Amino acid sequence: MLKINDLTKNYGSFTAVNHLSLHIPEGELFGFVGPNGAGKTTTIRIVCGLLKASGGTVEIGGSKAALGTKEMKRMIGYVPDFFGVYDNLKVKEYMDLYGSMYSMNSKEIAKLSDDLLELVNLTDKKEFYVDTLSRGMKQRLCVARALLHNPRLLILDEPNSGLDPRARVEMKELLKNLHSMGKTIIISSHILSELSEMCSSIGIMDHGKLVTAGNMDTIMQGIMGDVSGGKKIHIRISAGMEAAVRMMKEYPNVVVESVRENELIIGYQATDEEISALIGRLIQSQVVLTGFYQEEGNLESLFMQLTGGEEA
């Protein structure tokens, strides 16, 4: 769906985007993260045709049309980080205005507006003035407006910025719903826990460069396999801790990371089958286990590791 090749943006001697190459397949919900100043918003604005690149190419849906042309812009629905103020425009009028920009007739606009306002749960706000809506409602309205011309790619830059917890949940559910409908979505966000819950793939930028990108599960599994002794296994033990520790120290590819009163934490470079066999051996050795689990990786720890601890 989106292919970025060797994209560069320079501001004098400063390079905001440094030879970025990225491929996002159709149907992905892609999370775009990075510290402030990493180049995310600059990249997004170039893709949307709002900023001219210094070098490189962007291809959307197989089209090599020049960035910023009507042909390219019709493929994109863009939700900026700041909604803007629309005094004296009702929600219905706001949708009519944007529909007219895409040369849609009034009947078509009315039908699509009704469907989209229902999708974003704003049907009962059609006659309300836009500037009276809450920030969360404005963001959902902006998503509805961005979908009005049925774009192939929906791009959202910090859509949850400044939203209260309820509004963030509503936005997350809306994006997951759109993803299930087959939309290709790129979302830039500082709320990493929410990205990890809904994105199918991620890309992390730092100092203008793409540090890593790909399937969320694959990246997280790889990063957990790289730390300490491998996958972290927490084993709860009510009796036989000394025997368990002694056995683990003799076991190949096992690193004993922590020994607590009733819990043993190990790092293990192994498959799920090998982990099951290890647990079985502990049980056969008369160690009394009350439970065990594999520690899951999280996007925050991955982000901190790859960006040197800089804040998103």
# chains A, B, ... in the order shown; residues from 1 in each chain; ligands from 1
call {"tool": "select_by_dssp", "arguments": {"residues": "range 13-196 of chain A", "states": "alpha helix (DSSP H)", "output": "number ranges by chain"}}
result
A: 40-47, 70-73, 91-101, 106-119, 135-146, 165-180, 192-196
call {"tool": "residues_around", "arguments": {"residues": "range 21-38 of chain A", "least_positions_apart": "4", "cutoff": "8 Å", "atoms": "only C-alpha atoms", "output": "PyMOL selection string"}}
result
chain A and resi 1-7+16-17+179+182-190+192+195+198-210+213+303+307+310-312
call {"tool": "closest_residue", "arguments": {"among": "A:Gly136, A:Gly39, A:Pro151, A:Gly267", "to": "Gly77 in chain A", "atoms": "only C-alpha atoms"}}
result
A:Pro151
call {"tool": "residues_around", "arguments": {"residues": "Leu148 in chain A", "least_positions_apart": "3", "cutoff": "10 Å", "atoms": "only C-alpha atoms", "output": "PyMOL selection string"}}
result
chain A and resi 77+95-96+98-99+102+104+108-109+112-113+115-116+142-145+151
call {"tool": "write_last_selection", "arguments": {"atoms": "N, CA, C and O atoms", "output": "PDB file, in the first residue's frame"}}
result
ATOM      1  N   GLY A  77      -6.561   9.845   3.554  1.00  0.00           N
ATOM      2  CA  GLY A  77      -7.379  10.547   4.526  1.00  0.00           C
ATOM      3  C   GLY A  77      -6.463  10.948   5.666  1.00  0.00           C
ATOM      4  O   GLY A  77      -5.789  10.091   6.243  1.00  0.00           O
ATOM      5  N   MET A  95     -19.314  18.441   7.272  1.00  0.00           N
ATOM      6  CA  MET A  95     -19.191  17.308   6.355  1.00  0.00           C
ATOM      7  C   MET A  95     -19.543  17.726   4.925  1.00  0.00           C
ATOM      8  O   MET A  95     -18.898  17.305   3.957  1.00  0.00           O
ATOM      9  N   ASP A  96     -20.567  18.567   4.778  1.00  0.00           N
ATOM     10  CA  ASP A  96     -20.949  19.065   3.450  1.00  0.00           C
ATOM     11  C   ASP A  96     -19.803  19.838   2.807  1.00  0.00           C
ATOM     12  O   ASP A  96     -19.524  19.691   1.609  1.00  0.00           O
ATOM     13  N   TYR A  98     -16.524  19.601   3.281  1.00  0.00           N
ATOM     14  CA  TYR A  98     -15.424  18.760   2.809  1.00  0.00           C
ATOM     15  C   TYR A  98     -15.846  17.865   1.647  1.00  0.00           C
ATOM     16  O   TYR A  98     -15.050  17.572   0.764  1.00  0.00           O
ATOM     17  N   GLY A  99     -17.110  17.445   1.659  1.00  0.00           N
ATOM     18  CA  GLY A  99     -17.599  16.656   0.531  1.00  0.00           C
ATOM     19  C   GLY A  99     -17.545  17.438  -0.765  1.00  0.00           C
ATOM     20  O   GLY A  99     -17.181  16.904  -1.818  1.00  0.00           O
ATOM     21  N   TYR A 102     -14.346  17.513  -2.712  1.00  0.00           N
ATOM     22  CA  TYR A 102     -14.032  16.346  -3.532  1.00  0.00           C
ATOM     23  C   TYR A 102     -15.024  16.183  -4.678  1.00  0.00           C
ATOM     24  O   TYR A 102     -15.164  15.106  -5.256  1.00  0.00           O
ATOM     25  N   MET A 104     -18.188  15.984  -4.789  1.00  0.00           N
ATOM     26  CA  MET A 104     -19.273  15.039  -4.565  1.00  0.00           C
ATOM     27  C   MET A 104     -20.605  15.785  -4.622  1.00  0.00           C
ATOM     28  O   MET A 104     -20.698  16.941  -4.196  1.00  0.00           O
ATOM     29  N   GLU A 108     -24.995  12.367  -2.541  1.00  0.00           N
ATOM     30  CA  GLU A 108     -23.912  11.444  -2.162  1.00  0.00           C
ATOM     31  C   GLU A 108     -23.302  11.850  -0.828  1.00  0.00           C
ATOM     32  O   GLU A 108     -23.050  11.005   0.038  1.00  0.00           O
ATOM     33  N   ILE A 109     -23.092  13.159  -0.644  1.00  0.00           N
ATOM     34  CA  ILE A 109     -22.520  13.650   0.606  1.00  0.00           C
ATOM     35  C   ILE A 109     -23.445  13.327   1.786  1.00  0.00           C
ATOM     36  O   ILE A 109     -22.990  12.869   2.836  1.00  0.00           O
ATOM     37  N   LEU A 112     -23.306   9.473   2.610  1.00  0.00           N
ATOM     38  CA  LEU A 112     -22.045   9.077   3.219  1.00  0.00           C
ATOM     39  C   LEU A 112     -21.850   9.722   4.584  1.00  0.00           C
ATOM     40  O   LEU A 112     -21.337   9.099   5.513  1.00  0.00           O
ATOM     41  N   SER A 113     -22.283  10.982   4.738  1.00  0.00           N
ATOM     42  CA  SER A 113     -22.153  11.664   6.022  1.00  0.00           C
ATOM     43  C   SER A 113     -22.944  10.942   7.097  1.00  0.00           C
ATOM     44  O   SER A 113     -22.459  10.738   8.215  1.00  0.00           O
ATOM     45  N   ASP A 115     -23.785   7.778   7.183  1.00  0.00           N
ATOM     46  CA  ASP A 115     -23.127   6.495   7.475  1.00  0.00           C
ATOM     47  C   ASP A 115     -21.876   6.690   8.332  1.00  0.00           C
ATOM     48  O   ASP A 115     -21.646   5.943   9.293  1.00  0.00           O
ATOM     49  N   LEU A 116     -21.080   7.711   7.997  1.00  0.00           N
ATOM     50  CA  LEU A 116     -19.822   7.929   8.719  1.00  0.00           C
ATOM     51  C   LEU A 116     -20.058   8.483  10.120  1.00  0.00           C
ATOM     52  O   LEU A 116     -19.352   8.112  11.065  1.00  0.00           O
ATOM     53  N   CYS A 142     -13.280  14.375  12.856  1.00  0.00           N
ATOM     54  CA  CYS A 142     -12.184  14.532  11.904  1.00  0.00           C
ATOM     55  C   CYS A 142     -11.893  13.214  11.180  1.00  0.00           C
ATOM     56  O   CYS A 142     -11.566  13.210   9.989  1.00  0.00           O
ATOM     57  N   VAL A 143     -12.033  12.088  11.889  1.00  0.00           N
ATOM     58  CA  VAL A 143     -11.869  10.781  11.253  1.00  0.00           C
ATOM     59  C   VAL A 143     -12.972  10.567  10.217  1.00  0.00           C
ATOM     60  O   VAL A 143     -12.711  10.107   9.093  1.00  0.00           O
ATOM     61  N   ALA A 144     -14.215  10.910  10.585  1.00  0.00           N
ATOM     62  CA  ALA A 144     -15.335  10.769   9.649  1.00  0.00           C
ATOM     63  C   ALA A 144     -15.095  11.617   8.402  1.00  0.00           C
ATOM     64  O   ALA A 144     -15.317  11.162   7.267  1.00  0.00           O
ATOM     65  N   ARG A 145     -14.619  12.848   8.584  1.00  0.00           N
ATOM     66  CA  ARG A 145     -14.323  13.730   7.453  1.00  0.00           C
ATOM     67  C   ARG A 145     -13.220  13.149   6.575  1.00  0.00           C
ATOM     68  O   ARG A 145     -13.290  13.189   5.346  1.00  0.00           O
ATOM     69  N   PRO A 151     -10.768   7.032   1.158  1.00  0.00           N
ATOM     70  CA  PRO A 151      -9.344   6.921   0.817  1.00  0.00           C
ATOM     71  C   PRO A 151      -8.827   5.506   1.033  1.00  0.00           C
ATOM     72  O   PRO A 151      -9.373   4.742   1.842  1.00  0.00           O
TER      73      PRO A 151
END
call {"tool": "select_by_dssp", "arguments": {"residues": "range 106-297 of chain A", "states": "strand (DSSP E or B)", "output": "VMD selection string"}}
result
chain A and resid 129 153 to 157 184 to 188 201 to 206 209 to 215 231 to 239 254 to 259 263 to 268 288 to 294
call {"tool": "residues_around", "arguments": {"residues": "Arg140 in chain A", "least_positions_apart": "5", "cutoff": "12 Å", "atoms": "only C-alpha atoms", "output": "short mmCIF file (atom, residue, chain, number, x, y, z; two decimals) with all heavy atoms, in the first residue's frame"}}
result
data_model
loop_
_atom_site.label_atom_id
_atom_site.label_comp_id
_atom_site.auth_asym_id
_atom_site.auth_seq_id
_atom_site.Cartn_x
_atom_site.Cartn_y
_atom_site.Cartn_z
N VAL A 79 -5.73 12.92 9.35
CA VAL A 79 -6.23 13.48 10.60
C VAL A 79 -5.04 14.11 11.31
O VAL A 79 -4.19 13.41 11.85
CB VAL A 79 -6.88 12.40 11.49
CG1 VAL A 79 -7.39 13.02 12.80
CG2 VAL A 79 -8.02 11.71 10.76
N PRO A 80 -4.93 15.44 11.31
CA PRO A 80 -3.78 16.10 11.93
C PRO A 80 -3.84 16.06 13.44
O PRO A 80 -4.86 15.68 14.03
CB PRO A 80 -3.88 17.54 11.40
CG PRO A 80 -5.35 17.74 11.17
CD PRO A 80 -5.87 16.40 10.71
N PHE A 83 -7.06 19.82 15.58
CA PHE A 83 -8.28 19.80 14.77
C PHE A 83 -8.54 21.15 14.10
O PHE A 83 -8.95 21.21 12.96
CB PHE A 83 -9.46 19.43 15.69
CG PHE A 83 -10.79 19.36 14.98
CD1 PHE A 83 -11.16 18.20 14.32
CD2 PHE A 83 -11.64 20.44 14.95
CE1 PHE A 83 -12.37 18.12 13.67
CE2 PHE A 83 -12.85 20.37 14.30
CZ PHE A 83 -13.22 19.21 13.66
N VAL A 91 -22.05 20.32 12.52
CA VAL A 91 -21.40 19.07 12.12
C VAL A 91 -21.82 18.68 10.70
O VAL A 91 -20.98 18.32 9.86
CB VAL A 91 -21.75 17.94 13.11
CG1 VAL A 91 -21.35 16.58 12.55
CG2 VAL A 91 -21.07 18.18 14.46
N LEU A 116 -21.08 7.71 8.00
CA LEU A 116 -19.82 7.93 8.72
C LEU A 116 -20.06 8.48 10.12
O LEU A 116 -19.35 8.11 11.06
CB LEU A 116 -18.92 8.86 7.92
CG LEU A 116 -18.33 8.25 6.64
CD1 LEU A 116 -17.67 9.32 5.78
CD2 LEU A 116 -17.32 7.16 6.98
N LEU A 117 -21.05 9.36 10.27
CA LEU A 117 -21.35 9.89 11.60
C LEU A 117 -21.88 8.77 12.51
O LEU A 117 -21.62 8.76 13.71
CB LEU A 117 -22.37 11.03 11.51
CG LEU A 117 -21.83 12.32 10.87
CD1 LEU A 117 -22.95 13.35 10.76
CD2 LEU A 117 -20.67 12.89 11.68
N GLU A 118 -22.59 7.82 11.92
CA GLU A 118 -23.03 6.66 12.70
C GLU A 118 -21.83 5.81 13.09
O GLU A 118 -21.74 5.31 14.22
CB GLU A 118 -24.01 5.83 11.88
CG GLU A 118 -24.54 4.60 12.63
CD GLU A 118 -25.54 3.80 11.83
OE1 GLU A 118 -25.84 4.18 10.68
OE2 GLU A 118 -26.02 2.77 12.35
N LEU A 119 -20.87 5.66 12.16
CA LEU A 119 -19.67 4.86 12.43
C LEU A 119 -18.87 5.44 13.60
O LEU A 119 -18.36 4.69 14.43
CB LEU A 119 -18.79 4.82 11.18
CG LEU A 119 -17.45 4.09 11.31
CD1 LEU A 119 -17.66 2.60 11.53
CD2 LEU A 119 -16.60 4.32 10.06
N VAL A 120 -18.78 6.78 13.68
CA VAL A 120 -18.00 7.41 14.74
C VAL A 120 -18.86 7.83 15.93
O VAL A 120 -18.42 8.56 16.81
CB VAL A 120 -17.22 8.63 14.19
CG1 VAL A 120 -16.27 8.21 13.09
CG2 VAL A 120 -18.16 9.73 13.71
N ASN A 121 -20.11 7.35 15.93
CA ASN A 121 -21.03 7.58 17.05
C ASN A 121 -21.31 9.07 17.27
O ASN A 121 -21.32 9.56 18.41
CB ASN A 121 -20.47 6.95 18.33
CG ASN A 121 -21.52 6.77 19.41
OD1 ASN A 121 -22.72 6.67 19.12
ND2 ASN A 121 -21.09 6.76 20.66
N LEU A 122 -21.59 9.77 16.19
CA LEU A 122 -21.92 11.20 16.29
C LEU A 122 -23.24 11.54 15.58
O LEU A 122 -23.50 12.71 15.29
CB LEU A 122 -20.79 12.05 15.69
CG LEU A 122 -19.48 12.12 16.47
CD1 LEU A 122 -18.44 12.93 15.68
CD2 LEU A 122 -19.70 12.74 17.85
N THR A 123 -24.06 10.54 15.36
CA THR A 123 -25.33 10.78 14.65
C THR A 123 -26.18 11.82 15.35
O THR A 123 -26.81 12.67 14.70
CB THR A 123 -26.12 9.45 14.52
OG1 THR A 123 -25.35 8.51 13.78
CG2 THR A 123 -27.44 9.68 13.81
N LYS A 125 -25.27 14.34 16.90
CA LYS A 125 -24.61 15.65 16.97
C LYS A 125 -24.66 16.40 15.63
O LYS A 125 -24.00 17.43 15.49
CB LYS A 125 -23.15 15.47 17.39
CG LYS A 125 -22.95 14.75 18.73
CD LYS A 125 -23.52 15.53 19.90
CE LYS A 125 -23.29 14.81 21.21
NZ LYS A 125 -23.89 15.54 22.36
N VAL A 130 -19.68 22.70 15.55
CA VAL A 130 -18.44 21.96 15.73
C VAL A 130 -17.65 22.46 16.94
O VAL A 130 -17.11 21.66 17.71
CB VAL A 130 -17.57 22.05 14.45
CG1 VAL A 130 -16.20 21.44 14.69
CG2 VAL A 130 -18.26 21.34 13.30
N LEU A 133 -18.33 20.94 20.45
CA LEU A 133 -18.05 19.53 20.73
C LEU A 133 -16.85 19.38 21.65
O LEU A 133 -15.95 20.23 21.67
CB LEU A 133 -17.79 18.77 19.43
CG LEU A 133 -18.90 18.75 18.37
CD1 LEU A 133 -18.43 17.96 17.16
CD2 LEU A 133 -20.19 18.18 18.93
N SER A 134 -16.80 18.27 22.38
CA SER A 134 -15.62 17.95 23.19
C SER A 134 -14.47 17.61 22.26
O SER A 134 -14.66 17.35 21.06
CB SER A 134 -15.90 16.77 24.11
OG SER A 134 -16.06 15.57 23.35
N ARG A 135 -13.26 17.60 22.80
CA ARG A 135 -12.09 17.29 21.98
C ARG A 135 -12.19 15.88 21.39
O ARG A 135 -11.85 15.66 20.23
CB ARG A 135 -10.79 17.42 22.80
CG ARG A 135 -9.54 17.14 21.97
CD ARG A 135 -8.27 17.48 22.72
NE ARG A 135 -7.10 17.09 21.98
CZ ARG A 135 -6.54 17.80 21.01
NH1 ARG A 135 -7.09 18.95 20.65
NH2 ARG A 135 -5.46 17.37 20.38
N ARG A 145 -14.62 12.85 8.58
CA ARG A 145 -14.32 13.73 7.45
C ARG A 145 -13.22 13.15 6.58
O ARG A 145 -13.29 13.19 5.35
CB ARG A 145 -13.92 15.10 7.98
CG ARG A 145 -13.64 16.15 6.93
CD ARG A 145 -12.19 16.19 6.51
NE ARG A 145 -11.32 16.47 7.63
CZ ARG A 145 -10.03 16.22 7.64
NH1 ARG A 145 -9.46 15.60 6.61
NH2 ARG A 145 -9.29 16.50 8.70
N ALA A 146 -12.20 12.55 7.22
CA ALA A 146 -11.07 11.99 6.46
C ALA A 146 -11.48 10.78 5.64
O ALA A 146 -10.81 10.43 4.66
CB ALA A 146 -9.94 11.62 7.42
N LEU A 147 -12.58 10.13 6.03
CA LEU A 147 -13.05 8.93 5.32
C LEU A 147 -14.10 9.25 4.26
O LEU A 147 -14.52 8.36 3.52
CB LEU A 147 -13.65 7.94 6.33
CG LEU A 147 -12.68 7.30 7.32
CD1 LEU A 147 -13.46 6.56 8.40
CD2 LEU A 147 -11.74 6.34 6.60
N LEU A 156 -3.21 9.16 10.76
CA LEU A 156 -3.57 9.94 11.93
C LEU A 156 -2.32 10.32 12.71
O LEU A 156 -1.54 9.45 13.09
CB LEU A 156 -4.52 9.16 12.85
CG LEU A 156 -5.81 8.62 12.21
CD1 LEU A 156 -5.63 7.16 11.79
CD2 LEU A 156 -6.98 8.73 13.18
N PRO A 159 -3.66 11.24 17.25
CA PRO A 159 -5.11 11.46 17.39
C PRO A 159 -5.59 11.45 18.84
O PRO A 159 -6.65 11.99 19.14
CB PRO A 159 -5.73 10.30 16.61
CG PRO A 159 -4.69 9.22 16.70
CD PRO A 159 -3.38 9.94 16.63
N ASN A 160 -4.83 10.83 19.74
CA ASN A 160 -5.26 10.74 21.14
C ASN A 160 -4.65 11.81 22.03
O ASN A 160 -4.85 11.81 23.24
CB ASN A 160 -4.90 9.36 21.71
CG ASN A 160 -5.82 8.28 21.16
OD1 ASN A 160 -6.92 8.57 20.69
ND2 ASN A 160 -5.39 7.04 21.21
N LEU A 163 -6.69 13.78 24.88
CA LEU A 163 -7.99 13.16 25.14
C LEU A 163 -8.04 12.56 26.54
O LEU A 163 -7.03 12.10 27.07
CB LEU A 163 -8.28 12.06 24.11
CG LEU A 163 -8.35 12.46 22.63
CD1 LEU A 163 -8.84 11.29 21.81
CD2 LEU A 163 -9.24 13.67 22.43
N ALA A 167 -12.36 9.03 26.06
CA ALA A 167 -12.24 9.40 24.64
C ALA A 167 -11.14 8.58 23.96
O ALA A 167 -11.26 8.23 22.78
CB ALA A 167 -11.95 10.89 24.51
N ARG A 168 -10.06 8.27 24.69
CA ARG A 168 -8.99 7.45 24.10
C ARG A 168 -9.48 6.05 23.80
O ARG A 168 -9.15 5.46 22.77
CB ARG A 168 -7.78 7.41 25.04
CG ARG A 168 -7.02 8.71 25.12
CD ARG A 168 -5.57 8.50 25.54
NE ARG A 168 -5.47 7.80 26.82
CZ ARG A 168 -5.40 8.41 27.99
NH1 ARG A 168 -5.45 9.73 28.06
NH2 ARG A 168 -5.28 7.70 29.11
N VAL A 169 -10.28 5.50 24.72
CA VAL A 169 -10.84 4.16 24.51
C VAL A 169 -11.76 4.17 23.29
O VAL A 169 -11.72 3.25 22.45
CB VAL A 169 -11.62 3.68 25.76
CG1 VAL A 169 -12.41 2.41 25.45
CG2 VAL A 169 -10.66 3.42 26.91
N GLU A 170 -12.59 5.21 23.16
CA GLU A 170 -13.50 5.31 22.02
C GLU A 170 -12.73 5.40 20.70
O GLU A 170 -13.10 4.78 19.70
CB GLU A 170 -14.41 6.52 22.19
CG GLU A 170 -15.43 6.36 23.32
CD GLU A 170 -16.20 7.64 23.60
OE1 GLU A 170 -15.76 8.72 23.12
OE2 GLU A 170 -17.22 7.59 24.31
N MET A 171 -11.65 6.18 20.71
CA MET A 171 -10.84 6.32 19.50
C MET A 171 -10.15 4.99 19.15
O MET A 171 -10.10 4.59 17.98
CB MET A 171 -9.79 7.41 19.68
CG MET A 171 -8.87 7.63 18.48
SD MET A 171 -9.72 8.10 16.96
CE MET A 171 -10.18 9.79 17.37
N LYS A 172 -9.65 4.31 20.17
CA LYS A 172 -8.98 3.03 19.93
C LYS A 172 -9.95 2.02 19.33
O LYS A 172 -9.61 1.31 18.36
CB LYS A 172 -8.41 2.49 21.25
CG LYS A 172 -7.69 1.15 21.10
CD LYS A 172 -7.08 0.70 22.41
CE LYS A 172 -8.12 0.32 23.42
NZ LYS A 172 -7.53 -0.25 24.65
N GLU A 173 -11.16 1.95 19.86
CA GLU A 173 -12.15 1.01 19.33
C GLU A 173 -12.56 1.38 17.92
O GLU A 173 -12.78 0.49 17.08
CB GLU A 173 -13.38 0.99 20.25
CG GLU A 173 -13.12 0.37 21.62
CD GLU A 173 -12.52 -1.02 21.53
OE1 GLU A 173 -13.06 -1.85 20.74
OE2 GLU A 173 -11.51 -1.29 22.21
N LEU A 174 -12.64 2.68 17.63
CA LEU A 174 -12.97 3.11 16.27
C LEU A 174 -11.91 2.68 15.28
O LEU A 174 -12.21 2.15 14.21
CB LEU A 174 -13.12 4.64 16.25
CG LEU A 174 -13.27 5.30 14.87
CD1 LEU A 174 -14.48 4.76 14.13
CD2 LEU A 174 -13.36 6.82 15.00
N LEU A 175 -10.64 2.86 15.65
CA LEU A 175 -9.55 2.48 14.74
C LEU A 175 -9.49 0.96 14.55
O LEU A 175 -9.23 0.48 13.44
CB LEU A 175 -8.22 3.00 15.29
CG LEU A 175 -8.09 4.53 15.30
CD1 LEU A 175 -6.79 4.95 15.98
CD2 LEU A 175 -8.16 5.10 13.89
#
call {"tool": "atom_distance", "arguments": {"atom1": "CA of Met241 in chain A", "atom2": "CA of Gly280 in chain A"}}
result
15.3 Å
call {"tool": "closest_residue", "arguments": {"among": "A:Thr132, A:Thr218, A:Asn253, A:Ser103", "to": "Asn88 in chain A", "atoms": "only C-alpha atoms"}}
result
A:Thr132
call {"tool": "atom_distance", "arguments": {"atom1": "CA of Lys73 in chain A", "atom2": "CA of Ser106 in chain A"}}
result
21.2 Å
call {"tool": "residues_around", "arguments": {"residues": "Met247 in chain A", "least_positions_apart": "6", "cutoff": "10 Å", "atoms": "only C-alpha atoms", "output": "PyMOL selection string"}}
result
chain A and resi 241+254+278+281-282+285
call {"tool": "residues_around", "arguments": {"residues": "Asn262 in chain A", "least_positions_apart": "6", "cutoff": "6 Å", "atoms": "only C-alpha atoms", "output": "PyMOL selection string"}}
result
chain A and resi 236-238
call {"tool": "residues_around", "arguments": {"residues": "Ala244 in chain A", "least_positions_apart": "4", "cutoff": "10 Å", "atoms": "only C-alpha atoms", "output": "list of chain:residue names"}}
result
A:Ile235, A:Ile237, A:Ala239, A:Gly240, A:Met248, A:Lys249, A:Leu264, A:Arg281, A:Leu282, A:Ile283, A:Ser285, A:Gln286, A:Val287, A:Val288, A:Leu289
call {"tool": "write_last_selection", "arguments": {"atoms": "all heavy atoms", "output": "compact mmCIF listing (two decimals), in the first residue's frame"}}
result
# COMPACT_ATOMS: atom_id res chain seq x y z
N ILE A 235 8.82 -18.83 37.57
CA ILE A 235 8.37 -20.13 38.11
C ILE A 235 8.07 -19.96 39.60
O ILE A 235 8.96 -19.60 40.39
CB ILE A 235 9.44 -21.22 37.92
CG1 ILE A 235 9.87 -21.29 36.45
CG2 ILE A 235 8.93 -22.58 38.38
CD1 ILE A 235 11.06 -22.19 36.19
N ILE A 237 7.37 -21.44 43.17
CA ILE A 237 7.74 -22.69 43.83
C ILE A 237 7.42 -22.59 45.32
O ILE A 237 7.85 -21.65 46.00
CB ILE A 237 9.25 -22.96 43.63
CG1 ILE A 237 9.55 -23.14 42.14
CG2 ILE A 237 9.69 -24.20 44.42
CD1 ILE A 237 11.04 -23.24 41.83
N ALA A 239 7.96 -25.41 47.42
CA ALA A 239 8.91 -26.29 48.12
C ALA A 239 9.94 -26.81 47.12
O ALA A 239 9.62 -27.12 45.98
CB ALA A 239 8.17 -27.47 48.76
N GLY A 240 11.21 -26.88 47.58
CA GLY A 240 12.26 -27.40 46.72
C GLY A 240 12.99 -26.34 45.92
O GLY A 240 13.57 -26.63 44.86
N MET A 248 18.66 -25.73 37.55
CA MET A 248 18.67 -24.72 36.49
C MET A 248 20.10 -24.30 36.13
O MET A 248 20.40 -24.02 34.97
CB MET A 248 17.86 -23.49 36.93
CG MET A 248 16.35 -23.71 37.04
SD MET A 248 15.58 -24.26 35.49
CE MET A 248 15.55 -26.05 35.73
N LYS A 249 20.98 -24.25 37.11
CA LYS A 249 22.36 -23.86 36.85
C LYS A 249 23.11 -24.91 36.04
O LYS A 249 24.12 -24.61 35.39
CB LYS A 249 23.08 -23.60 38.17
CG LYS A 249 22.63 -22.32 38.86
CD LYS A 249 23.40 -22.04 40.13
CE LYS A 249 22.99 -20.72 40.75
NZ LYS A 249 23.73 -20.43 42.01
N LEU A 264 11.23 -18.19 41.16
CA LEU A 264 12.51 -18.31 40.45
C LEU A 264 12.32 -17.73 39.05
O LEU A 264 11.39 -18.10 38.34
CB LEU A 264 12.92 -19.79 40.36
CG LEU A 264 14.14 -20.13 39.50
CD1 LEU A 264 15.40 -19.48 40.07
CD2 LEU A 264 14.32 -21.65 39.43
N ARG A 281 10.55 -31.55 33.89
CA ARG A 281 11.70 -32.11 34.62
C ARG A 281 11.73 -31.61 36.06
O ARG A 281 12.06 -32.37 36.98
CB ARG A 281 12.99 -31.72 33.90
CG ARG A 281 14.22 -32.35 34.55
CD ARG A 281 15.50 -31.98 33.81
NE ARG A 281 16.67 -32.47 34.52
CZ ARG A 281 17.92 -32.15 34.23
NH1 ARG A 281 18.15 -31.33 33.22
NH2 ARG A 281 18.94 -32.63 34.93
N LEU A 282 11.36 -30.34 36.27
CA LEU A 282 11.30 -29.81 37.64
C LEU A 282 10.26 -30.56 38.46
O LEU A 282 10.52 -30.93 39.62
CB LEU A 282 10.94 -28.31 37.60
CG LEU A 282 12.06 -27.34 37.25
CD1 LEU A 282 11.49 -25.94 37.07
CD2 LEU A 282 13.14 -27.33 38.33
N ILE A 283 9.11 -30.81 37.87
CA ILE A 283 8.04 -31.51 38.58
C ILE A 283 8.47 -32.93 38.93
O ILE A 283 8.24 -33.43 40.05
CB ILE A 283 6.75 -31.52 37.74
CG1 ILE A 283 6.22 -30.09 37.57
CG2 ILE A 283 5.68 -32.41 38.38
CD1 ILE A 283 5.07 -29.96 36.61
N SER A 285 11.33 -33.90 39.56
CA SER A 285 12.39 -33.85 40.58
C SER A 285 11.85 -33.48 41.96
O SER A 285 12.62 -33.05 42.83
CB SER A 285 13.46 -32.84 40.15
OG SER A 285 14.01 -33.21 38.91
N GLN A 286 10.54 -33.60 42.13
CA GLN A 286 9.89 -33.37 43.42
C GLN A 286 9.87 -31.89 43.83
O GLN A 286 9.63 -31.57 44.99
CB GLN A 286 10.56 -34.19 44.53
CG GLN A 286 10.67 -35.68 44.26
CD GLN A 286 9.33 -36.31 43.92
OE1 GLN A 286 8.36 -36.11 44.63
NE2 GLN A 286 9.28 -37.06 42.82
N VAL A 287 10.13 -30.99 42.87
CA VAL A 287 9.96 -29.56 43.14
C VAL A 287 8.47 -29.25 43.05
O VAL A 287 7.81 -29.64 42.08
CB VAL A 287 10.74 -28.70 42.12
CG1 VAL A 287 10.44 -27.23 42.34
CG2 VAL A 287 12.24 -28.97 42.24
N VAL A 288 7.94 -28.58 44.08
CA VAL A 288 6.50 -28.29 44.11
C VAL A 288 6.24 -26.94 43.44
O VAL A 288 6.55 -25.88 44.00
CB VAL A 288 5.97 -28.28 45.55
CG1 VAL A 288 4.46 -28.01 45.55
CG2 VAL A 288 6.27 -29.62 46.24
N LEU A 289 5.68 -26.97 42.23
CA LEU A 289 5.36 -25.77 41.48
C LEU A 289 3.91 -25.35 41.72
O LEU A 289 3.01 -26.20 41.74
CB LEU A 289 5.56 -25.99 39.98
CG LEU A 289 6.96 -25.75 39.40
CD1 LEU A 289 7.95 -26.73 39.96
CD2 LEU A 289 6.91 -25.83 37.88
call {"tool": "atom_distance", "arguments": {"atom1": "CA of Arg152 in chain A", "atom2": "CA of Leu97 in chain A"}}
result
20.9 Å
